[in-house]
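Q: Have a peek at start_35.tsv (TSV, C-alpha atoms).
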chain	number	residue	atom	x	y	z
A	207	MET	CA	-51.68	-50.06	56.12
A	208	ARG	CA	-48.79	-51.16	53.97
A	209	LEU	CA	-48.80	-52.29	50.36
A	210	TYR	CA	-45.88	-54.40	49.15
A	211	LEU	CA	-45.34	-54.42	45.39
A	212	VAL	CA	-43.17	-57.29	44.17
A	213	GLN	CA	-41.89	-58.04	40.69
A	214	HIS	CA	-41.65	-61.81	40.19
A	215	ALA	CA	-38.11	-63.19	40.41
A	216	ASP	CA	-36.06	-64.14	37.35
A	217	ALA	CA	-37.78	-66.78	35.18
A	218	VAL	CA	-36.61	-69.06	32.38
A	219	SER	CA	-37.36	-68.12	28.77
A	220	LYS	CA	-40.42	-69.28	26.88
A	221	ASP	CA	-38.17	-71.48	24.75
A	222	THR	CA	-36.84	-73.33	27.79
A	223	HIS	CA	-40.30	-73.90	29.26
A	224	PRO	CA	-43.62	-72.58	27.90
A	225	LEU	CA	-44.97	-71.82	31.40
A	226	ARG	CA	-41.82	-69.90	32.39
A	227	PRO	CA	-41.11	-71.12	35.94
A	228	LEU	CA	-38.44	-69.36	38.04
A	229	SER	CA	-34.85	-69.89	36.96
A	230	GLU	CA	-32.27	-71.23	39.39
A	231	GLN	CA	-31.10	-67.64	40.04
A	232	GLY	CA	-34.71	-66.46	40.44
A	233	LEU	CA	-35.44	-69.11	43.04
A	234	LYS	CA	-32.25	-68.22	44.92
A	235	ASP	CA	-33.11	-64.51	44.83
A	236	ALA	CA	-36.63	-65.22	46.13
A	237	ILE	CA	-35.30	-67.36	49.00
A	238	ASN	CA	-32.74	-64.68	49.95
A	239	MET	CA	-35.48	-62.04	49.83
A	240	ALA	CA	-37.78	-64.16	52.01
A	241	ALA	CA	-34.98	-64.45	54.59
A	242	PHE	CA	-34.32	-60.70	54.45
A	243	LEU	CA	-38.01	-59.89	54.96
A	244	HIS	CA	-38.06	-62.29	57.90
A	245	GLY	CA	-35.14	-60.40	59.47
A	246	ALA	CA	-37.04	-57.15	58.94
A	247	ALA	CA	-40.08	-58.72	60.69
A	248	VAL	CA	-42.34	-58.14	57.70
A	249	MET	CA	-45.73	-59.88	58.12
A	250	VAL	CA	-48.69	-59.41	55.83
A	251	GLY	CA	-52.41	-60.15	56.02
A	252	GLN	CA	-52.64	-61.45	52.46
A	253	ILE	CA	-50.54	-62.25	49.39
A	254	VAL	CA	-51.96	-62.24	45.87
A	255	HIS	CA	-50.32	-62.92	42.51
A	256	SER	CA	-51.13	-62.52	38.84
A	257	GLY	CA	-51.82	-66.20	38.15
A	258	LYS	CA	-48.71	-66.59	35.96
A	259	LEU	CA	-46.39	-69.35	37.17
A	260	ARG	CA	-43.36	-67.08	37.82
A	261	ALA	CA	-45.48	-64.78	40.00
A	262	GLU	CA	-47.14	-67.68	41.81
A	263	GLU	CA	-43.79	-69.35	42.56
A	264	THR	CA	-42.32	-66.08	43.87
A	265	ALA	CA	-45.40	-65.52	46.03
A	266	ASN	CA	-45.16	-69.05	47.46
A	267	VAL	CA	-41.52	-68.58	48.49
A	268	LEU	CA	-42.15	-65.20	50.13
A	269	SER	CA	-45.22	-66.56	51.92
A	270	LYS	CA	-42.99	-68.94	53.89
A	271	THR	CA	-41.68	-66.05	55.99
A	272	VAL	CA	-44.22	-63.22	55.65
A	273	TRP	CA	-47.58	-65.07	55.64
A	274	LEU	CA	-46.99	-68.20	57.73
A	275	GLY	CA	-46.66	-70.27	54.57
A	276	GLN	CA	-50.31	-69.87	53.59
A	277	THR	CA	-51.16	-70.30	49.93
A	278	PRO	CA	-51.33	-67.06	47.92
A	279	GLU	CA	-54.18	-66.84	45.42
A	280	ALA	CA	-54.45	-65.32	41.98
A	281	LEU	CA	-56.15	-61.95	41.65
A	282	ASP	CA	-57.59	-60.65	38.37
A	283	GLY	CA	-56.21	-57.49	36.87
A	284	LEU	CA	-52.51	-57.98	37.67
A	285	GLY	CA	-51.35	-58.74	34.13
A	286	PRO	CA	-48.30	-56.85	32.80
A	287	ASN	CA	-50.46	-54.37	30.87
A	288	ASP	CA	-53.68	-54.35	32.89
A	289	PRO	CA	-55.15	-51.08	34.18
A	290	THR	CA	-54.18	-50.38	37.80
A	291	ASP	CA	-57.72	-49.54	39.03
A	292	HIS	CA	-58.66	-52.99	40.22
A	293	LEU	CA	-55.58	-53.33	42.43
A	294	MET	CA	-55.99	-49.79	43.77
A	295	ASN	CA	-59.54	-50.60	44.86
A	296	THR	CA	-58.42	-53.91	46.36
A	297	ALA	CA	-55.61	-52.21	48.31
A	298	LEU	CA	-57.86	-49.48	49.67
A	299	THR	CA	-60.41	-51.98	50.96
A	300	ALA	CA	-57.90	-54.57	52.22
A	301	GLY	CA	-58.27	-55.38	55.89
A	302	GLY	CA	-54.54	-55.60	56.58
A	303	ASP	CA	-51.17	-55.29	54.89
A	304	LEU	CA	-51.24	-56.61	51.34
A	305	MET	CA	-48.42	-58.09	49.22
A	306	VAL	CA	-48.90	-58.22	45.46
A	307	VAL	CA	-46.63	-60.25	43.17
A	308	GLY	CA	-46.82	-59.33	39.50
A	309	HIS	CA	-45.01	-57.96	36.49
A	310	MET	CA	-43.47	-54.97	34.83
A	311	PRO	CA	-44.63	-52.55	33.60
A	312	PHE	CA	-47.71	-52.98	35.80
A	313	MET	CA	-45.76	-52.69	39.08
A	314	GLY	CA	-43.94	-49.56	37.97
A	315	ARG	CA	-47.20	-47.92	36.88
A	316	THR	CA	-48.88	-48.88	40.15
A	317	ALA	CA	-46.01	-47.50	42.24
A	318	ALA	CA	-46.00	-44.24	40.27
A	319	ARG	CA	-49.77	-43.90	40.58
A	320	CYS	CA	-49.66	-44.41	44.35
A	321	LEU	CA	-46.84	-41.92	44.78
A	322	THR	CA	-47.78	-39.17	42.32
A	323	GLY	CA	-51.33	-39.86	41.10
A	324	ALA	CA	-50.02	-40.47	37.56
A	325	GLU	CA	-48.82	-43.80	36.18
A	326	ASP	CA	-45.87	-42.14	34.48
A	327	GLY	CA	-45.25	-39.71	37.34
A	328	ALA	CA	-42.07	-41.17	38.81
A	329	THR	CA	-39.65	-43.96	38.10
A	330	VAL	CA	-38.90	-46.69	40.54
A	331	ALA	CA	-36.32	-48.99	38.98
A	332	PHE	CA	-37.94	-52.40	39.47
A	333	GLU	CA	-36.06	-55.53	38.53
A	334	PRO	CA	-36.98	-59.20	38.91
A	335	GLY	CA	-37.33	-60.08	42.60
A	336	ALA	CA	-37.48	-56.48	43.87
A	337	VAL	CA	-39.86	-55.56	46.72
A	338	LEU	CA	-41.27	-52.08	47.31
A	339	CYS	CA	-42.99	-51.08	50.56
A	340	LEU	CA	-45.60	-48.30	50.44
A	341	GLU	CA	-47.14	-46.89	53.56
A	342	ARG	CA	-50.60	-45.36	53.60
A	343	LEU	CA	-50.41	-41.99	55.37
A	344	GLU	CA	-53.20	-39.51	56.00
A	345	ASP	CA	-52.43	-37.62	52.80
A	346	GLY	CA	-51.74	-40.59	50.53
A	347	TRP	CA	-49.07	-43.22	49.91
A	348	ALA	CA	-45.39	-42.75	50.69
A	349	LEU	CA	-42.44	-44.96	49.88
A	350	GLU	CA	-41.00	-46.50	53.01
A	351	TRP	CA	-38.32	-48.79	51.55
A	352	PHE	CA	-37.38	-50.56	48.33
A	353	VAL	CA	-35.02	-53.49	48.09
A	354	ARG	CA	-33.63	-55.44	45.14
A	355	PRO	CA	-31.94	-58.85	45.17
A	356	SER	CA	-28.45	-57.36	44.79
A	357	MET	CA	-28.93	-55.49	48.10
A	358	VAL	CA	-29.78	-58.62	50.09
A	359	ALA	CA	-27.34	-61.09	51.66
A	360	ASP	CA	-27.13	-64.73	50.51
A	361	VAL	CA	-28.58	-67.24	52.95
G	92	MET	CA	-23.61	-41.92	38.36
G	93	ARG	CA	-25.24	-42.90	41.66
G	94	LEU	CA	-26.44	-40.46	44.26
G	95	TYR	CA	-27.10	-41.68	47.79
G	96	LEU	CA	-29.33	-39.43	49.89
G	97	VAL	CA	-29.04	-40.10	53.61
G	98	ARG	CA	-30.90	-38.76	56.60
G	99	HIS	CA	-28.71	-38.65	59.73
G	100	GLY	CA	-29.28	-41.25	62.46
G	101	LYS	CA	-31.26	-40.54	65.60
G	102	ALA	CA	-29.73	-37.71	67.61
G	103	GLU	CA	-29.63	-36.66	71.23
G	104	LEU	CA	-31.53	-33.59	72.29
G	105	GLY	CA	-29.47	-30.54	73.10
G	106	PRO	CA	-29.62	-26.81	73.63
G	107	LEU	CA	-27.85	-26.00	70.37
G	108	ASP	CA	-29.40	-27.73	67.35
G	109	ALA	CA	-26.18	-27.62	65.30
G	110	ASP	CA	-24.24	-29.40	68.07
G	111	ARG	CA	-26.61	-32.31	68.66
G	112	ARG	CA	-24.69	-35.60	68.46
G	113	LEU	CA	-25.96	-39.01	67.38
G	114	SER	CA	-27.61	-40.94	70.19
G	115	GLU	CA	-26.40	-44.42	71.02
G	116	ARG	CA	-29.22	-45.93	69.01
G	117	GLY	CA	-28.53	-43.54	66.13
G	118	ARG	CA	-24.91	-44.65	66.07
G	119	VAL	CA	-25.83	-48.36	66.15
G	120	ASP	CA	-28.39	-47.82	63.36
G	121	VAL	CA	-25.89	-46.05	61.10
G	122	GLU	CA	-23.15	-48.58	61.83
G	123	ALA	CA	-25.52	-51.43	60.90
G	124	MET	CA	-26.48	-49.62	57.70
G	125	ALA	CA	-22.82	-48.96	56.80
G	126	GLN	CA	-21.97	-52.63	57.38
G	127	HIS	CA	-24.93	-53.84	55.31
G	128	LEU	CA	-24.07	-51.56	52.39
G	129	ALA	CA	-20.39	-52.57	52.56
G	130	ASP	CA	-21.43	-56.24	52.52
G	131	GLN	CA	-23.41	-55.59	49.32
G	132	ASP	CA	-20.32	-53.99	47.73
G	133	ILE	CA	-21.55	-50.40	47.80
G	134	ARG	CA	-18.60	-47.99	47.52
G	135	VAL	CA	-18.58	-44.23	47.01
G	136	ALA	CA	-15.93	-41.72	46.04
G	137	ARG	CA	-17.21	-38.88	48.23
G	138	VAL	CA	-19.34	-38.47	51.35
G	139	VAL	CA	-20.63	-34.94	51.84
G	140	HIS	CA	-22.48	-33.68	54.90
G	141	SER	CA	-24.10	-30.56	56.30
G	142	GLY	CA	-22.38	-28.48	58.95
G	143	LEU	CA	-24.57	-29.97	61.69
G	144	ALA	CA	-22.90	-32.45	64.06
G	145	ARG	CA	-25.43	-35.29	63.62
G	146	ALA	CA	-25.01	-35.28	59.83
G	147	ARG	CA	-21.21	-35.07	60.10
G	148	GLU	CA	-21.10	-38.03	62.49
G	149	THR	CA	-23.40	-40.05	60.21
G	150	ALA	CA	-21.10	-39.25	57.27
G	151	GLU	CA	-18.00	-40.27	59.23
G	152	ILE	CA	-19.43	-43.69	60.05
G	153	LEU	CA	-20.59	-44.32	56.46
G	154	ALA	CA	-17.31	-43.07	54.95
G	155	SER	CA	-15.25	-45.37	57.16
G	156	GLN	CA	-16.95	-48.39	55.56
G	157	LEU	CA	-17.86	-47.19	52.07
G	158	ALA	CA	-15.12	-44.75	51.07
G	159	PRO	CA	-11.92	-46.40	52.25
G	160	GLY	CA	-8.79	-44.43	51.40
G	161	PRO	CA	-5.18	-44.18	52.44
G	162	THR	CA	-6.05	-41.61	55.10
G	163	PRO	CA	-9.26	-41.79	57.16
G	164	GLY	CA	-11.82	-39.13	56.35
G	165	GLN	CA	-10.26	-38.25	53.01
G	166	ALA	CA	-13.57	-38.66	51.18
G	167	LEU	CA	-15.45	-36.43	53.64
G	168	GLU	CA	-16.50	-32.96	52.63
G	169	GLN	CA	-18.76	-30.38	54.25
G	170	MET	CA	-21.34	-28.82	51.97
G	171	ALA	CA	-23.39	-25.67	52.49
G	172	GLY	CA	-27.06	-25.53	51.48
G	173	ILE	CA	-28.16	-28.99	52.64
G	174	GLU	CA	-29.21	-27.99	56.13
G	175	PRO	CA	-32.85	-28.74	57.10
G	176	TRP	CA	-33.76	-25.31	55.69
G	177	GLY	CA	-31.56	-25.63	52.56
G	178	ASP	CA	-32.64	-24.77	49.02
G	179	VAL	CA	-33.60	-28.05	47.34
G	180	LYS	CA	-33.71	-26.56	43.82
G	181	ALA	CA	-30.20	-25.15	44.19
G	182	PHE	CA	-29.03	-28.58	45.31
G	183	ALA	CA	-30.64	-30.26	42.28
G	184	LYS	CA	-28.84	-27.76	40.06
G	185	ALA	CA	-25.49	-28.29	41.80
G	186	ILE	CA	-25.52	-32.07	41.44
G	187	LYS	CA	-25.96	-31.80	37.66
G	188	ARG	CA	-22.22	-31.18	37.53
G	189	TRP	CA	-21.32	-34.16	39.70
G	190	ASP	CA	-19.90	-37.20	37.97
G	191	THR	CA	-18.73	-39.53	40.75
G	192	ASP	CA	-20.81	-41.71	43.06
G	193	THR	CA	-21.56	-39.52	46.06
G	194	MET	CA	-23.31	-39.95	49.38
G	195	VAL	CA	-25.04	-36.87	50.86
G	196	CYS	CA	-25.82	-36.86	54.59
G	197	GLY	CA	-28.42	-34.35	55.66
G	198	HIS	CA	-31.81	-33.82	57.21
G	199	GLU	CA	-35.55	-33.78	56.86
G	200	PRO	CA	-37.44	-32.19	55.28
G	201	PHE	CA	-34.58	-31.46	52.86
G	202	MET	CA	-33.74	-35.04	51.86
G	203	GLY	CA	-37.35	-36.10	51.27
G	204	GLU	CA	-37.98	-32.98	49.20
G	205	ALA	CA	-34.78	-33.52	47.21
G	206	ALA	CA	-35.78	-37.14	46.47
G	207	SER	CA	-39.27	-36.07	45.39
G	208	LEU	CA	-37.88	-33.29	43.20
G	209	LEU	CA	-35.36	-35.57	41.48
G	210	MET	CA	-37.83	-38.42	40.97
G	211	CYS	CA	-40.95	-36.56	39.81
G	212	GLY	CA	-40.08	-32.88	39.43
G	213	ASP	CA	-42.07	-31.71	42.45
G	214	ALA	CA	-40.26	-31.19	45.76
G	215	HIS	CA	-43.55	-31.17	47.64
G	216	ALA	CA	-45.04	-34.36	46.18
G	217	GLY	CA	-44.27	-36.23	49.42
G	218	LEU	CA	-43.04	-39.36	47.62
G	219	VAL	CA	-40.94	-40.73	50.44
G	220	ALA	CA	-41.28	-41.05	54.19
G	221	VAL	CA	-37.66	-40.58	55.26
G	222	LYS	CA	-37.03	-41.91	58.74
G	223	THR	CA	-33.74	-41.29	60.56
G	224	GLY	CA	-30.85	-43.35	59.20
G	225	THR	CA	-32.54	-44.01	55.84
G	226	VAL	CA	-30.44	-44.29	52.66
G	227	MET	CA	-31.93	-43.76	49.18
G	228	ALA	CA	-29.98	-44.79	46.06
G	229	LEU	CA	-30.82	-42.81	42.92
G	230	GLU	CA	-29.39	-42.99	39.45
G	231	ARG	CA	-29.82	-40.77	36.44
G	232	ALA	CA	-32.49	-42.11	34.12
G	233	HIS	CA	-31.16	-42.97	30.66
G	234	TYR	CA	-34.07	-41.61	28.72
G	235	SER	CA	-34.96	-38.40	30.52
G	236	SER	CA	-33.51	-35.63	32.65
G	237	GLY	CA	-34.89	-37.20	35.83
G	238	TRP	CA	-33.54	-39.69	38.31
G	239	HIS	CA	-34.96	-43.00	39.35
G	240	LEU	CA	-34.85	-44.91	42.59
G	241	ARG	CA	-32.71	-48.06	42.70
G	242	TRP	CA	-33.30	-48.89	46.34
G	243	MET	CA	-34.15	-47.35	49.69
G	244	LEU	CA	-33.24	-48.92	53.02
G	245	THR	CA	-34.18	-48.00	56.58
G	246	PRO	CA	-32.37	-49.07	59.78
G	247	ARG	CA	-35.45	-51.04	60.81
G	248	VAL	CA	-35.35	-53.12	57.64
G	249	VAL	CA	-31.59	-53.68	57.85
G	250	ARG	CA	-31.36	-54.38	61.59
G	251	GLY	CA	-34.79	-55.79	62.30
G	252	PRO	CA	-37.00	-54.43	65.08
G	253	LYS	CA	-34.65	-55.38	67.91
G	254	ALA	CA	-35.48	-54.55	71.50
G	255	GLU	CA	-34.27	-51.01	71.81
G	256	PRO	CA	-35.01	-47.95	73.89
G	257	LYS	CA	-37.67	-45.77	72.30
G	258	GLU	CA	-36.34	-42.45	71.10
G	259	GLU	CA	-38.29	-39.62	69.51
G	260	ASP	CA	-37.93	-39.03	65.78
G	261	GLU	CA	-36.75	-35.59	64.81
G	262	ALA	CA	-35.47	-33.49	61.91
Take the structure in the file and write it out as structure tokens.

A:
Amino acid sequence: MRLYLVQHADAVSKDTHPLRPLSEQGLKDAINMAAFLHGAAVMVGQIVHSGKLRAEETANVLSKTVWLGQTPEALDGLGPNDPTDHLMNTALTAGGDLMVVGHMPFMGRTAARCLTGAEDGATVAFEPGAVLCLERLEDGWALEWFVRPSMVADV
Amino acid sequence: MRLYLVRHGKAELGPLDADRRLSERGRVDVEAMAQHLADQDIRVARVVHSGLARARETAEILASQLAPGPTPGQALEQMAGIEPWGDVKAFAKAIKRWDTDTMVCGHEPFMGEAASLLMCGDAHAGLVAVKTGTVMALERAHYSSGWHLRWMLTPRVVRGPKAEPKEEDEA
């Protein structure tokens, strides 16, 4: 199976809006990323997000191309500083490919744990809107690709 | 500085391993990758490659798009020690002295082991599954001696899974 780890796209500051929706740039980045994933024929069996508005909005945009526009739901344990165990268990029991939209540093710790067994074992340079694809092989997870908004064409 | 680790595109079979050329699909994959990277404003000062034909051809295609100079091929350079059987630790030591953005075209298992070594200190950690034509962008971490991954693209992600003749994956 594949696990897609996504950091929510750029959001406005707390001062601009207390719920921190996506900024104009963040929305644009998410739309460009959705188009890129469509070109790469990425399809998933489920999308979950942290429940925070910026993660939910990012998940909704990506769902348009990778999950037939179905509505992603919030999953517990995806907060910026939550332990990674709950997601690891969810991923290992998922029926199909799973996309998870959340936050730093959680995404970086999850990626490092999958790749090395330790949450500080390796550094993947996440940024808002970046998508990482992990592939489950016989002997564990391996990184298949990693793309950030600056490496994706404008639609 | 940025370091781009590249595995050559798909190659034809041949009696002499060092002479194997890129297959038609391998060439199309690498050309699509070169175009995509050029479109995203990726430029490098140097493109180094192993002495094997499939890595040299991959480097030539990438250099033509990403290292434009007054004379074609000026940025190209052959490097010893990055063959499939090369010494990954010696490579990691050698690049400590590099200070310009460089693309390195080589082979598996060398490139996957080099990426694992630079990212987590263990060449055999199996961090990445490096398919033919894959490019990994690494940069030196600010706060440690290690490197971190900025992005990693495969031909399949860049081109999409177009109808194409099936060819075997190899080193």

Q: Taking only C-alpha atoms into account, report as an MDAnalysis selection string which residues of chain G lie within 9 Å of chain A.

A: chainID G and resid 127:128 130:133 207 210:212 216:222 225 227 232 237:245 247:252

Q: Quote the spacing between atom CA of Pro334 of chain A and atom CA of Thr191 of chain G in Å to one decimal place.

A: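 Here the two named atoms are 26.9 Å from each other.
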
Q: Which value, in Å to one decimal, gives the distance between atom CA of Val361 of chain A and atom CA of Tyr210 of chain A?

A: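 These two atoms are separated by 21.9 Å.
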
Q: For Gly197 of chain G, please output as a count of residues only all residues within 12 Å (counting all atoms listed in the file; exclusion window: fewer than 4 positions along the same chain).

A: 44

Q: From the list A:Leu274, A:Met294, A:Val307, A:Leu225, which residue is nearest Gln213 of chain A when using only C-alpha atoms?

A: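 Checking each of A:Leu274, A:Met294, A:Val307, A:Leu225 against Gln213 of chain A, counting only C-alpha atoms, the winner is A:Val307.
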
Q: How far is it from atom CA of Arg208 of chain A to atom CA of Ala297 of chain A, in Å with one decimal?

A: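 Computing the Euclidean distance for atom CA of Arg208 of chain A and atom CA of Ala297 of chain A yields 8.9 Å.
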
Q: Need to verify the contact set: Arg137 of chain G, 8 Å, all atoms listed in the file, exclusion of same-chain residues closer than 3 positions in sequence. Can you return it as a PyMOL selection string?

A: chain G and resi 154+158+166-168+191-194

Q: For Arg260 of chain A, list every protein, DNA or RNA residue within 7 Å, evaluated using all atoms listed in the file, and leave out those in the same chain fewer than 4 positions away; present the list as a list in words.

A: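 Once the adjacent positions are removed, what remains is His214, Ala217, Arg226, Pro227, Leu228 and Thr264 of chain A.
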
Q: Need the shell around His255 of chain A: protein/DNA/RNA residues with any atom at most 6 Å away, counting only C-alpha atoms. Skip same-chain ones fewer than 2 positions apart. Format as a PyMOL selection string?

A: chain A and resi 257+261-262+280-281+306-308

Q: For the residues in that selection, give me C-alpha atoms as a CSV table (one decimal), in the frame of the given file.

A:
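Saved file selection.csv follows:
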chain,number,residue,atom,x,y,z
A,257,GLY,CA,-51.8,-66.2,38.2
A,261,ALA,CA,-45.5,-64.8,40.0
A,262,GLU,CA,-47.1,-67.7,41.8
A,280,ALA,CA,-54.4,-65.3,42.0
A,281,LEU,CA,-56.2,-62.0,41.6
A,306,VAL,CA,-48.9,-58.2,45.5
A,307,VAL,CA,-46.6,-60.2,43.2
A,308,GLY,CA,-46.8,-59.3,39.5

Q: Calculated over all atoms listed in the file, which of the candidates G:Leu208, G:Leu94, G:Ile152, G:Leu229 has the smallest distance to Ala125 of chain G?

A: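 The shortest atom-to-atom distance to Ala125 of chain G comes from G:Ile152.
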
Q: Got a sec to check which residues sit within 8 Å of (-43.7, -64.1, 53.0), counting all atoms listed in the file, and write them as a list of chain:residue names?

A: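 With a cut-off of 8 Å, the residues come to A:Ala240, A:Leu243, A:His244, A:Val248, A:Met249, A:Val250, A:Ile253, A:Ala265, A:Asn266, A:Val267, A:Leu268, A:Ser269, A:Lys270, A:Thr271, A:Val272, A:Trp273, A:Leu274, A:Gly275.
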
Q: Counting all atoms listed in the file, note down every residue that has an atom within 7 Å of the point (-23.6, -41.4, 37.8) (file coordinates), as a list in words.

A: Met92, Arg93, Asp190, Thr191, Asp192, Glu230 and Arg231 of chain G

Q: Return the single residue from A:Leu211, A:Met313, A:Val218, A:Ile237 that is closest to Pro286 of chain A, with distances computed using all atoms listed in the file.

A: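 Ranked by minimum distance to Pro286 of chain A, first place goes to A:Met313.
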
Q: My list of candidates is A:Arg342, A:Lys234, A:Lys220, A:Arg315. Which is closest to Asp303 of chain A when distances are computed with only C-alpha atoms?

A: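 Among A:Arg342, A:Lys234, A:Lys220, A:Arg315, it is A:Arg342 that comes nearest to Asp303 of chain A.
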
Q: Using all atoms listed in the file for the distances, tell me which of G:Pro159, G:Ala123, G:Leu209, G:Glu199 is nearest to Ile186 of chain G.

A: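 The shortest atom-to-atom distance to Ile186 of chain G comes from G:Leu209.
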
Q: From the set G:Ala183, G:Ala102, G:Met124, G:Ala136, which residue has the shortest atom-to-atom contact distance to Leu153 of chain G, counting only C-alpha atoms?

A: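 Nearest candidate to Leu153 of chain G out of G:Ala183, G:Ala102, G:Met124, G:Ala136: G:Met124.
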
Q: Quick one: segment 118-166 of chain G from the block, C-alpha atoms, as a short mmCIF file (atom, residue, chain, number, x, y, z; two decimals), in the first residue's frame.

A:
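After the write, out20.cif holds the following:
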data_model
loop_
_atom_site.label_atom_id
_atom_site.label_comp_id
_atom_site.auth_asym_id
_atom_site.auth_seq_id
_atom_site.Cartn_x
_atom_site.Cartn_y
_atom_site.Cartn_z
CA ARG G 118 15.27 8.56 -23.20
CA VAL G 119 11.67 9.84 -23.21
CA ASP G 120 11.51 9.54 -19.40
CA VAL G 121 14.72 11.51 -18.89
CA GLU G 122 13.73 14.15 -21.45
CA ALA G 123 10.38 14.63 -19.68
CA MET G 124 12.16 14.93 -16.34
CA ALA G 125 14.68 17.44 -17.75
CA GLN G 126 11.85 19.53 -19.21
CA HIS G 127 9.86 19.45 -15.96
CA LEU G 128 12.86 20.51 -13.88
CA ALA G 129 13.74 23.27 -16.35
CA ASP G 130 10.13 24.53 -16.20
CA GLN G 131 10.44 24.77 -12.40
CA ASP G 132 13.64 26.83 -12.79
CA ILE G 133 16.07 24.16 -11.62
CA ARG G 134 19.60 24.97 -12.85
CA VAL G 135 22.91 23.35 -11.94
CA ALA G 136 26.53 24.31 -12.44
CA ARG G 137 27.84 20.77 -13.00
CA VAL G 138 26.46 17.41 -14.13
CA VAL G 139 28.72 14.49 -13.26
CA HIS G 140 28.22 10.91 -14.39
CA SER G 141 29.77 7.48 -14.09
CA GLY G 142 31.78 5.98 -16.93
CA LEU G 143 28.85 3.77 -17.97
CA ALA G 144 27.03 4.75 -21.18
CA ARG G 145 23.50 4.84 -19.69
CA ALA G 146 24.55 7.29 -16.96
CA ARG G 147 26.50 9.45 -19.43
CA GLU G 148 23.51 9.66 -21.79
CA THR G 149 21.21 10.54 -18.87
CA ALA G 150 23.64 13.29 -17.84
CA GLU G 151 23.83 14.66 -21.38
CA ILE G 152 20.06 15.03 -21.63
CA LEU G 153 19.77 16.68 -18.19
CA ALA G 154 22.74 18.99 -18.80
CA SER G 155 21.30 20.22 -22.10
CA GLN G 156 18.27 21.61 -20.22
CA LEU G 157 19.62 22.41 -16.76
CA ALA G 158 23.23 23.48 -17.30
CA PRO G 159 23.12 25.69 -20.37
CA GLY G 160 26.48 27.17 -21.32
CA PRO G 161 28.20 28.75 -24.28
CA THR G 162 29.37 25.34 -25.50
CA PRO G 163 27.21 22.20 -25.21
CA GLY G 164 28.41 19.67 -22.68
CA GLN G 165 30.66 22.13 -20.86
CA ALA G 166 29.12 21.29 -17.49
#
